[in-house]
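File shown: work_31.cif. Contents: mmCIF, C-alpha atoms.
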```
data_data
#
loop_
_atom_site.group_PDB
_atom_site.id
_atom_site.type_symbol
_atom_site.label_atom_id
_atom_site.label_comp_id
_atom_site.auth_asym_id
_atom_site.auth_seq_id
_atom_site.Cartn_x
_atom_site.Cartn_y
_atom_site.Cartn_z
ATOM 1 C CA MET A 5 -20.697 -3.420 5.065
ATOM 2 C CA GLY A 6 -21.938 -5.644 2.264
ATOM 3 C CA ASP A 7 -18.934 -4.904 0.043
ATOM 4 C CA LEU A 8 -16.529 -5.634 2.889
ATOM 5 C CA LYS A 9 -18.224 -8.945 3.657
ATOM 6 C CA LYS A 10 -18.047 -9.910 -0.010
ATOM 7 C CA ILE A 11 -14.331 -9.087 -0.189
ATOM 8 C CA LEU A 12 -13.653 -11.119 2.963
ATOM 9 C CA ALA A 13 -15.744 -14.021 1.744
ATOM 10 C CA ASP A 14 -14.204 -14.040 -1.740
ATOM 11 C CA ALA A 15 -10.602 -13.330 -0.830
ATOM 12 C CA GLY A 16 -9.379 -12.843 2.721
ATOM 13 C CA LEU A 17 -11.206 -15.714 4.326
ATOM 14 C CA VAL A 18 -10.218 -18.108 1.573
ATOM 15 C CA LEU A 19 -6.592 -17.532 2.463
ATOM 16 C CA LEU A 20 -7.256 -18.859 5.950
ATOM 17 C CA MET A 21 -8.465 -22.111 4.447
ATOM 18 C CA LEU A 22 -5.105 -22.592 2.761
ATOM 19 C CA LEU A 23 -2.935 -22.065 5.809
ATOM 20 C CA PRO A 24 -1.304 -25.295 7.038
ATOM 21 C CA LEU A 25 -1.849 -26.381 10.593
ATOM 22 C CA SER A 26 1.102 -25.390 12.771
ATOM 23 C CA ALA A 27 3.374 -28.091 14.191
ATOM 24 C CA ALA A 28 2.199 -27.281 17.721
ATOM 25 C CA ALA A 29 -1.456 -27.529 16.699
ATOM 26 C CA GLN A 30 -0.754 -30.837 14.966
ATOM 27 C CA GLN A 31 0.712 -32.235 18.180
ATOM 28 C CA GLU A 32 -2.333 -31.181 20.187
ATOM 29 C CA TYR A 33 -4.904 -32.485 17.692
ATOM 30 C CA VAL A 34 -7.072 -35.212 19.263
ATOM 31 C CA ILE A 35 -7.287 -38.222 16.955
ATOM 32 C CA GLY A 36 -10.657 -39.768 16.191
ATOM 33 C CA GLU A 37 -12.492 -42.261 14.011
ATOM 34 C CA GLY A 38 -11.941 -41.744 10.284
ATOM 35 C CA ASP A 39 -8.735 -39.712 10.539
ATOM 36 C CA LEU A 40 -5.990 -40.845 8.166
ATOM 37 C CA LEU A 41 -2.595 -41.008 9.881
ATOM 38 C CA ARG A 42 0.780 -41.030 8.157
ATOM 39 C CA VAL A 43 3.232 -42.659 10.580
ATOM 40 C CA THR A 44 6.990 -42.741 10.117
ATOM 41 C CA VAL A 45 9.838 -44.012 12.297
ATOM 42 C CA TYR A 46 13.183 -42.271 11.975
ATOM 43 C CA ASP A 47 15.813 -44.375 10.206
ATOM 44 C CA ASN A 48 13.231 -47.119 9.537
ATOM 45 C CA PRO A 49 11.645 -46.295 6.160
ATOM 46 C CA ASP A 50 10.178 -49.792 5.852
ATOM 47 C CA LEU A 51 7.829 -48.973 8.742
ATOM 48 C CA ALA A 52 6.266 -45.952 7.016
ATOM 49 C CA THR A 53 2.512 -46.503 7.175
ATOM 50 C CA GLU A 54 -0.721 -44.783 6.256
ATOM 51 C CA ALA A 55 -3.607 -46.017 8.361
ATOM 52 C CA ARG A 56 -7.169 -44.830 8.904
ATOM 53 C CA VAL A 57 -8.544 -44.911 12.431
ATOM 54 C CA SER A 58 -11.175 -47.635 12.603
ATOM 55 C CA GLY A 59 -14.586 -47.531 14.247
ATOM 56 C CA ASP A 60 -13.103 -48.984 17.424
ATOM 57 C CA GLY A 61 -10.409 -46.290 17.517
ATOM 58 C CA LYS A 62 -7.426 -48.359 16.375
ATOM 59 C CA ILE A 63 -4.861 -48.441 13.581
ATOM 60 C CA SER A 64 -2.778 -51.365 12.356
ATOM 61 C CA PHE A 65 1.000 -50.863 12.425
ATOM 62 C CA PRO A 66 3.875 -53.134 11.301
ATOM 63 C CA LEU A 67 5.515 -55.328 13.976
ATOM 64 C CA ILE A 68 3.154 -54.340 16.766
ATOM 65 C CA GLY A 69 -0.288 -54.896 15.213
ATOM 66 C CA GLU A 70 -3.271 -52.869 16.427
ATOM 67 C CA VAL A 71 -2.705 -49.667 18.371
ATOM 68 C CA ALA A 72 -5.504 -47.793 20.183
ATOM 69 C CA VAL A 73 -5.195 -44.095 19.257
ATOM 70 C CA ASN A 74 -8.754 -42.803 19.627
ATOM 71 C CA GLU A 75 -8.996 -39.703 21.852
ATOM 72 C CA LEU A 76 -5.192 -39.444 22.084
ATOM 73 C CA ASN A 77 -3.551 -36.290 20.840
ATOM 74 C CA VAL A 78 -0.836 -36.732 18.216
ATOM 75 C CA ALA A 79 2.010 -36.353 20.714
ATOM 76 C CA ASP A 80 0.596 -39.064 23.009
ATOM 77 C CA ALA A 81 -0.131 -41.382 20.074
ATOM 78 C CA GLU A 82 3.509 -41.031 18.970
ATOM 79 C CA LYS A 83 4.638 -41.966 22.476
ATOM 80 C CA ALA A 84 2.290 -44.970 22.579
ATOM 81 C CA ILE A 85 3.611 -46.381 19.295
ATOM 82 C CA ALA A 86 7.214 -45.668 20.307
ATOM 83 C CA ALA A 87 6.743 -47.520 23.600
ATOM 84 C CA MET A 88 5.318 -50.577 21.849
ATOM 85 C CA LEU A 89 8.176 -50.592 19.315
ATOM 86 C CA GLU A 90 10.779 -50.157 22.020
ATOM 87 C CA ALA A 91 9.322 -53.077 24.004
ATOM 88 C CA GLY A 92 10.925 -55.594 21.681
ATOM 89 C CA TYR A 93 11.832 -54.245 18.274
ATOM 90 C CA ILE A 94 13.673 -50.892 18.045
ATOM 91 C CA VAL A 95 15.996 -49.066 20.405
ATOM 92 C CA LYS A 96 14.719 -45.571 21.249
ATOM 93 C CA PRO A 97 12.426 -45.227 18.203
ATOM 94 C CA GLN A 98 11.528 -41.708 17.044
ATOM 95 C CA VAL A 99 7.946 -41.821 15.833
ATOM 96 C CA HIS A 100 6.277 -39.044 13.881
ATOM 97 C CA ILE A 101 2.559 -38.865 13.031
ATOM 98 C CA PHE A 102 1.162 -36.543 10.380
ATOM 99 C CA ILE A 103 -2.609 -36.147 9.967
ATOM 100 C CA ALA A 104 -3.101 -36.766 6.253
ATOM 101 C CA GLU A 105 -6.887 -36.392 6.397
ATOM 102 C CA TYR A 106 -9.061 -34.858 9.094
ATOM 103 C CA LYS A 107 -12.348 -36.754 9.266
ATOM 104 C CA SER A 108 -13.350 -37.204 12.891
ATOM 105 C CA LYS A 109 -14.075 -33.630 13.990
ATOM 106 C CA LYS A 110 -17.023 -32.001 12.265
ATOM 107 C CA VAL A 111 -19.354 -29.034 12.636
ATOM 108 C CA THR A 112 -22.590 -28.134 10.878
ATOM 109 C CA VAL A 113 -22.876 -24.737 9.184
ATOM 110 C CA LEU A 114 -26.326 -23.560 8.095
ATOM 111 C CA GLY A 115 -28.010 -20.371 6.957
ATOM 112 C CA GLU A 116 -26.501 -17.549 4.946
ATOM 113 C CA VAL A 117 -23.240 -19.154 3.818
ATOM 114 C CA ALA A 118 -22.215 -20.083 0.288
ATOM 115 C CA LYS A 119 -21.892 -23.812 0.997
ATOM 116 C CA PRO A 120 -24.080 -24.881 3.943
ATOM 117 C CA GLY A 121 -23.514 -28.354 5.328
ATOM 118 C CA ILE A 122 -20.834 -30.319 7.172
ATOM 119 C CA VAL A 123 -17.372 -28.794 7.655
ATOM 120 C CA VAL A 124 -14.500 -31.005 8.797
ATOM 121 C CA LEU A 125 -12.207 -29.368 11.359
ATOM 122 C CA ARG A 126 -8.502 -29.508 10.597
ATOM 123 C CA GLY A 127 -7.306 -29.335 14.156
ATOM 124 C CA ALA A 128 -7.914 -26.319 16.378
ATOM 125 C CA SER A 129 -10.243 -24.081 14.339
ATOM 126 C CA THR A 130 -11.822 -20.665 14.740
ATOM 127 C CA LEU A 131 -15.176 -19.329 13.609
ATOM 128 C CA MET A 132 -13.647 -17.448 10.670
ATOM 129 C CA GLU A 133 -11.823 -20.552 9.450
ATOM 130 C CA VAL A 134 -15.012 -22.594 9.522
ATOM 131 C CA LEU A 135 -16.986 -19.874 7.735
ATOM 132 C CA SER A 136 -14.230 -19.770 5.126
ATOM 133 C CA ASP A 137 -14.499 -23.522 4.580
ATOM 134 C CA ALA A 138 -18.251 -23.015 4.130
ATOM 135 C CA GLY A 139 -17.550 -20.539 1.326
ATOM 136 C CA GLY A 140 -17.971 -17.374 3.385
ATOM 137 C CA ILE A 141 -21.141 -15.582 4.453
ATOM 138 C CA THR A 142 -23.572 -14.193 1.876
ATOM 139 C CA LEU A 143 -24.498 -10.552 1.423
ATOM 140 C CA ASN A 144 -27.873 -11.332 3.015
ATOM 141 C CA ALA A 145 -26.303 -12.419 6.306
ATOM 142 C CA GLY A 146 -27.603 -10.752 9.432
ATOM 143 C CA ASP A 147 -25.754 -9.025 12.240
ATOM 144 C CA THR A 148 -25.159 -12.095 14.393
ATOM 145 C CA ILE A 149 -23.860 -15.643 14.104
ATOM 146 C CA VAL A 150 -25.113 -18.286 16.539
ATOM 147 C CA ILE A 151 -22.997 -21.231 17.677
ATOM 148 C CA GLN A 152 -24.994 -23.963 19.396
ATOM 149 C CA ARG A 153 -22.925 -26.418 21.430
ATOM 150 C CA LYS A 154 -22.973 -28.792 24.346
ATOM 151 C CA LEU A 155 -22.655 -27.041 27.651
ATOM 152 C CA ILE A 156 -19.063 -26.236 28.605
ATOM 153 C CA SER A 157 -17.396 -24.492 31.514
ATOM 154 C CA GLN A 158 -18.235 -20.804 31.835
ATOM 155 C CA SER A 159 -14.529 -20.045 32.276
ATOM 156 C CA THR A 160 -13.756 -21.158 28.717
ATOM 157 C CA VAL A 161 -16.045 -18.557 27.157
ATOM 158 C CA SER A 162 -15.206 -14.894 26.583
ATOM 159 C CA ALA A 163 -17.063 -12.538 28.890
ATOM 160 C CA GLN A 164 -17.990 -10.453 25.844
ATOM 161 C CA GLU A 165 -20.038 -13.245 24.311
ATOM 162 C CA LYS A 166 -23.739 -13.548 24.992
ATOM 163 C CA ILE A 167 -24.465 -16.974 26.461
ATOM 164 C CA ASP A 168 -27.843 -18.646 26.785
ATOM 165 C CA LYS A 169 -27.708 -21.867 28.755
ATOM 166 C CA ASP A 170 -30.406 -24.486 28.473
ATOM 167 C CA LYS A 171 -29.672 -26.819 31.356
ATOM 168 C CA ALA A 172 -32.440 -29.211 30.383
ATOM 169 C CA LYS A 173 -30.778 -29.843 27.032
ATOM 170 C CA GLY A 174 -27.228 -29.429 28.329
ATOM 171 C CA GLU A 175 -26.537 -26.896 25.583
ATOM 172 C CA MET A 176 -25.471 -23.298 25.233
ATOM 173 C CA SER A 177 -25.589 -20.659 22.528
ATOM 174 C CA VAL A 178 -22.679 -18.347 21.763
ATOM 175 C CA VAL A 179 -23.846 -15.275 19.845
ATOM 176 C CA VAL A 180 -21.169 -13.434 17.858
ATOM 177 C CA ASP A 181 -21.610 -9.954 16.399
ATOM 178 C CA THR A 182 -20.632 -9.988 12.705
ATOM 179 C CA LYS A 183 -19.512 -6.352 12.828
ATOM 180 C CA ARG A 184 -17.036 -7.175 15.589
ATOM 181 C CA LEU A 185 -15.849 -10.204 13.662
ATOM 182 C CA PHE A 186 -15.477 -8.727 10.172
ATOM 183 C CA GLU A 187 -15.221 -4.956 10.454
ATOM 184 C CA ASP A 188 -13.770 -4.192 13.870
ATOM 185 C CA GLY A 189 -11.156 -6.963 13.776
ATOM 186 C CA ASP A 190 -12.048 -7.892 17.354
ATOM 187 C CA VAL A 191 -10.052 -11.085 17.981
ATOM 188 C CA THR A 192 -12.363 -12.057 20.851
ATOM 189 C CA ALA A 193 -15.188 -12.394 18.322
ATOM 190 C CA ASN A 194 -13.213 -14.995 16.360
ATOM 191 C CA VAL A 195 -14.098 -17.673 18.893
ATOM 192 C CA PRO A 196 -12.785 -21.250 18.799
ATOM 193 C CA VAL A 197 -15.211 -23.844 17.489
ATOM 194 C CA GLN A 198 -15.556 -27.376 18.773
ATOM 195 C CA ALA A 199 -16.449 -30.687 17.183
ATOM 196 C CA GLY A 200 -20.209 -31.111 17.239
ATOM 197 C CA ASP A 201 -20.990 -27.384 17.089
ATOM 198 C CA SER A 202 -23.904 -26.192 14.972
ATOM 199 C CA ILE A 203 -23.208 -22.781 13.463
ATOM 200 C CA TYR A 204 -26.144 -20.771 12.119
ATOM 201 C CA VAL A 205 -25.873 -17.555 10.109
ATOM 202 C CA PRO A 206 -29.356 -15.981 10.133
ATOM 203 C CA LYS A 207 -30.712 -13.991 7.232
ATOM 204 C CA ALA A 208 -30.805 -10.260 7.761
ATOM 205 C CA ALA A 209 -34.065 -8.439 8.327
ATOM 206 C CA PHE A 210 -34.966 -5.820 5.722
ATOM 207 C CA VAL A 211 -36.878 -2.573 5.603
ATOM 208 C CA TYR A 212 -38.488 -1.409 2.370
ATOM 209 C CA VAL A 213 -38.368 2.250 1.394
ATOM 210 C CA ASN A 214 -40.553 3.433 -1.469
ATOM 211 C CA GLY A 215 -42.177 6.511 -2.858
ATOM 212 C CA GLU A 216 -40.390 9.832 -3.147
ATOM 213 C CA VAL A 217 -36.848 8.805 -2.279
ATOM 214 C CA LYS A 218 -33.965 8.768 -4.737
ATOM 215 C CA THR A 219 -33.226 5.029 -4.555
ATOM 216 C CA PRO A 220 -36.280 3.040 -3.472
ATOM 217 C CA GLY A 221 -35.613 -0.551 -2.471
ATOM 218 C CA ALA A 222 -34.977 -3.065 0.289
ATOM 219 C CA TYR A 223 -32.281 -2.270 2.833
ATOM 220 C CA LYS A 224 -30.715 -4.403 5.525
ATOM 221 C CA ILE A 225 -31.704 -3.451 9.050
ATOM 222 C CA THR A 226 -28.708 -2.704 11.224
ATOM 223 C CA LYS A 227 -28.704 -2.025 14.944
ATOM 224 C CA GLY A 228 -30.287 1.343 15.752
ATOM 225 C CA LEU A 229 -31.672 1.925 12.244
ATOM 226 C CA THR A 230 -34.213 4.752 12.368
ATOM 227 C CA VAL A 231 -36.676 6.014 9.778
ATOM 228 C CA LEU A 232 -34.388 8.936 8.978
ATOM 229 C CA LYS A 233 -31.338 6.681 8.559
ATOM 230 C CA ALA A 234 -33.320 4.342 6.312
ATOM 231 C CA ILE A 235 -34.382 7.269 4.130
ATOM 232 C CA THR A 236 -30.793 8.539 4.085
ATOM 233 C CA ILE A 237 -29.365 5.225 2.853
ATOM 234 C CA SER A 238 -32.068 5.159 0.186
ATOM 235 C CA GLY A 239 -30.663 8.404 -1.202
ATOM 236 C CA GLY A 240 -32.771 10.878 0.724
ATOM 237 C CA PHE A 241 -35.988 12.659 -0.210
ATOM 238 C CA THR A 242 -36.681 13.809 -3.757
ATOM 239 C CA ILE A 243 -37.777 17.382 -4.369
ATOM 240 C CA LYS A 244 -41.338 16.094 -4.756
ATOM 241 C CA ALA A 245 -41.431 14.406 -1.351
ATOM 242 C CA SER A 246 -43.981 15.289 1.284
ATOM 243 C CA GLU A 247 -41.664 14.641 4.191
ATOM 244 C CA GLY A 248 -44.244 15.308 6.891
ATOM 245 C CA ARG A 249 -46.639 12.689 5.499
ATOM 246 C CA THR A 250 -44.132 9.811 5.655
ATOM 247 C CA ARG A 251 -45.831 6.636 6.839
ATOM 248 C CA ILE A 252 -44.733 3.242 8.139
ATOM 249 C CA ILE A 253 -46.738 0.250 6.966
ATOM 250 C CA ARG A 254 -46.185 -2.506 9.507
ATOM 251 C CA LYS A 255 -47.413 -6.095 9.641
ATOM 252 C CA THR A 256 -48.896 -7.211 12.948
ATOM 253 C CA GLU A 257 -50.812 -10.240 14.165
ATOM 254 C CA LYS A 258 -54.010 -8.303 13.494
ATOM 255 C CA GLY A 259 -52.960 -7.300 9.989
ATOM 256 C CA GLU A 260 -51.298 -4.257 8.438
ATOM 257 C CA ILE A 261 -51.301 -0.974 10.265
ATOM 258 C CA ARG A 262 -50.277 2.476 9.053
ATOM 259 C CA ILE A 263 -48.301 4.691 11.402
ATOM 260 C CA LYS A 264 -47.338 8.318 10.979
ATOM 261 C CA ALA A 265 -43.562 8.116 10.999
ATOM 262 C CA LYS A 266 -41.313 10.039 13.328
ATOM 263 C CA PHE A 267 -37.796 10.332 11.971
ATOM 264 C CA ASP A 268 -36.240 8.947 15.151
ATOM 265 C CA ASP A 269 -38.539 5.879 15.217
ATOM 266 C CA LEU A 270 -36.686 2.589 15.048
ATOM 267 C CA VAL A 271 -37.686 0.457 12.075
ATOM 268 C CA MET A 272 -38.794 -3.147 12.447
ATOM 269 C CA PRO A 273 -38.291 -6.154 10.158
ATOM 270 C CA ASP A 274 -40.408 -5.955 6.984
ATOM 271 C CA ASP A 275 -41.526 -2.395 7.663
ATOM 272 C CA ILE A 276 -42.441 -0.388 4.574
ATOM 273 C CA ILE A 277 -41.513 3.287 4.764
ATOM 274 C CA GLN A 278 -43.724 5.146 2.334
ATOM 275 C CA VAL A 279 -42.865 8.693 1.308
ATOM 276 C CA PRO A 280 -45.778 10.247 -0.636
ATOM 277 C CA GLU A 281 -45.580 12.943 -3.239
ATOM 278 C CA SER A 282 -46.350 16.478 -2.189
ATOM 279 C CA PHE A 283 -49.631 17.970 -3.393
ATOM 280 C CA PHE A 284 -47.844 21.171 -4.398
#
```
Go ahead and render the structure in this file as structure tokens.
Amino acid sequence: MGDLKKILADAGLVLLMLLPLSAAAQQEYVIGEGDLLRVTVYDNPDLATEARVSGDGKISFPLIGEVAVNELNVADAEKAIAAMLEAGYIVKPQVHIFIAEYKSKKVTVLGEVAKPGIVVLRGASTLMEVLSDAGGITLNAGDTIVIQRKLISQSTVSAQEKIDKDKAKGEMSVVVDTKRLFEDGDVTANVPVQAGDSIYVPKAAFVYVNGEVKTPGAYKITKGLTVLKAITISGGFTIKASEGRTRIIRKTEKGEIRIKAKFDDLVMPDDIIQVPESFF
């Protein structure tokens, strides 16, 4: 799984970052403060303007002065400018707006990504696109990704997502399985993200296998990982191993405890599986 994640982070996901926003998505993009708009009017090159949306949600445009565009999608902003031009200056103007810089819609990405911090959304964006812009997930990423957002309608969320609603805070958490997202190619796991989302990629939990196994070390805990599976991924027992004396060293609130391991026991974060050497 680690190799696949690395390939996606280093190659496949980066390609998503380079894809231009479709014309339809451009038209639906909701303009906000800080966005840089490139406005042209067909057959009127002298009116071509680049303007950044001000703090009060307006841009300045030749002939008509200030135009309120905040919270309008591109299509409606084009219509608003065209109507103002047609009111006394141009007959049936054809206005086109191109978003030169996306600045108003942002999400926060934290945890096991290459470049944690603020990611600016370039129109309608998905989880994979945002993770790509954050440099991709690291090899230490866990099995889930958590999106924290303001409470939205239940109908807009996939039934396959786990949702925890905190009505007091007016927030919800969308939990996405990384295996579904990266390995299974489940499109429902590639959920849309919204401005203001906080995306957290937790670090994976590890189990430590030492003693008489072929490749002692730390291994990422995956769902359903048992003692036997952990020993298997560490290369299996050596010929010197005393398989029946395998122990789990586990940290608890009262300190470390030692447990005689059963091969079908599920491992827990930070467990140490110790395989001693046989006396004979």
Please write as a CSV table (one decimal) with C-alpha atoms, in the frame of the given file the full residue list that the PyMOL selection byres ((chain A and resi 184) around 12) yields on this file.
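As written to disk, out_4.csv reads:
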```csv
chain,number,residue,atom,x,y,z
A,5,MET,CA,-20.7,-3.4,5.1
A,132,MET,CA,-13.6,-17.4,10.7
A,147,ASP,CA,-25.8,-9.0,12.2
A,148,THR,CA,-25.2,-12.1,14.4
A,149,ILE,CA,-23.9,-15.6,14.1
A,164,GLN,CA,-18.0,-10.5,25.8
A,165,GLU,CA,-20.0,-13.2,24.3
A,179,VAL,CA,-23.8,-15.3,19.8
A,180,VAL,CA,-21.2,-13.4,17.9
A,181,ASP,CA,-21.6,-10.0,16.4
A,182,THR,CA,-20.6,-10.0,12.7
A,183,LYS,CA,-19.5,-6.4,12.8
A,185,LEU,CA,-15.8,-10.2,13.7
A,186,PHE,CA,-15.5,-8.7,10.2
A,187,GLU,CA,-15.2,-5.0,10.5
A,188,ASP,CA,-13.8,-4.2,13.9
A,189,GLY,CA,-11.2,-7.0,13.8
A,190,ASP,CA,-12.0,-7.9,17.4
A,191,VAL,CA,-10.1,-11.1,18.0
A,192,THR,CA,-12.4,-12.1,20.9
A,193,ALA,CA,-15.2,-12.4,18.3
A,194,ASN,CA,-13.2,-15.0,16.4
A,195,VAL,CA,-14.1,-17.7,18.9
```
Q. So which residues touch Gly38 of chain A within 7 Å, counting only C-alpha atoms, skipping near sequence neighbours fewer than 3 positions away, as a PyMOL selection string?
A. chain A and resi 56-58+107-108
Q.
Show me the residues close to (-9.7, -43.6, 21.6) - anything with an atom within 10 Å, counting all atoms listed in the file - and format the list as number ranges by chain.
A. A: 34-37, 57-62, 71-77, 81
(Q) For segment 260-275 of chain A, find every residue with an atom within 9 Å (counting only C-alpha atoms), except residues of its own chain fewer than 3 positions away, and show them as an NGL selection string. (A) :A and (208-213 or 225 or 228-234 or 248-257)
Let me see the file: selected residues, C-alpha atoms, as a JSON list (two decimals), in the coordinates of the input.
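See selection.json below for the written result:
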```
[["chain", "number", "residue", "atom", "x", "y", "z"],
["A", 208, "ALA", "CA", -30.80, -10.26, 7.76],
["A", 209, "ALA", "CA", -34.06, -8.44, 8.33],
["A", 210, "PHE", "CA", -34.97, -5.82, 5.72],
["A", 211, "VAL", "CA", -36.88, -2.57, 5.60],
["A", 212, "TYR", "CA", -38.49, -1.41, 2.37],
["A", 213, "VAL", "CA", -38.37, 2.25, 1.39],
["A", 225, "ILE", "CA", -31.70, -3.45, 9.05],
["A", 228, "GLY", "CA", -30.29, 1.34, 15.75],
["A", 229, "LEU", "CA", -31.67, 1.92, 12.24],
["A", 230, "THR", "CA", -34.21, 4.75, 12.37],
["A", 231, "VAL", "CA", -36.68, 6.01, 9.78],
["A", 232, "LEU", "CA", -34.39, 8.94, 8.98],
["A", 233, "LYS", "CA", -31.34, 6.68, 8.56],
["A", 234, "ALA", "CA", -33.32, 4.34, 6.31],
["A", 248, "GLY", "CA", -44.24, 15.31, 6.89],
["A", 249, "ARG", "CA", -46.64, 12.69, 5.50],
["A", 250, "THR", "CA", -44.13, 9.81, 5.66],
["A", 251, "ARG", "CA", -45.83, 6.64, 6.84],
["A", 252, "ILE", "CA", -44.73, 3.24, 8.14],
["A", 253, "ILE", "CA", -46.74, 0.25, 6.97],
["A", 254, "ARG", "CA", -46.18, -2.51, 9.51],
["A", 255, "LYS", "CA", -47.41, -6.10, 9.64],
["A", 256, "THR", "CA", -48.90, -7.21, 12.95],
["A", 257, "GLU", "CA", -50.81, -10.24, 14.16]]
```
Q: Go through A:Ile237, A:Val217, A:Val150, A:Leu51 and flag the residue nearest Val205 of chain A, using all atoms listed in the file for the distances.
A: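 Closest candidate: A:Val150.
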Q | Near-Ile103 of chain A list (9 Å; all atoms listed in the file; drop same-chain fewer than 4 positions) as a ChimeraX atom specification | A | /A:30,33,35,39-43,78,126
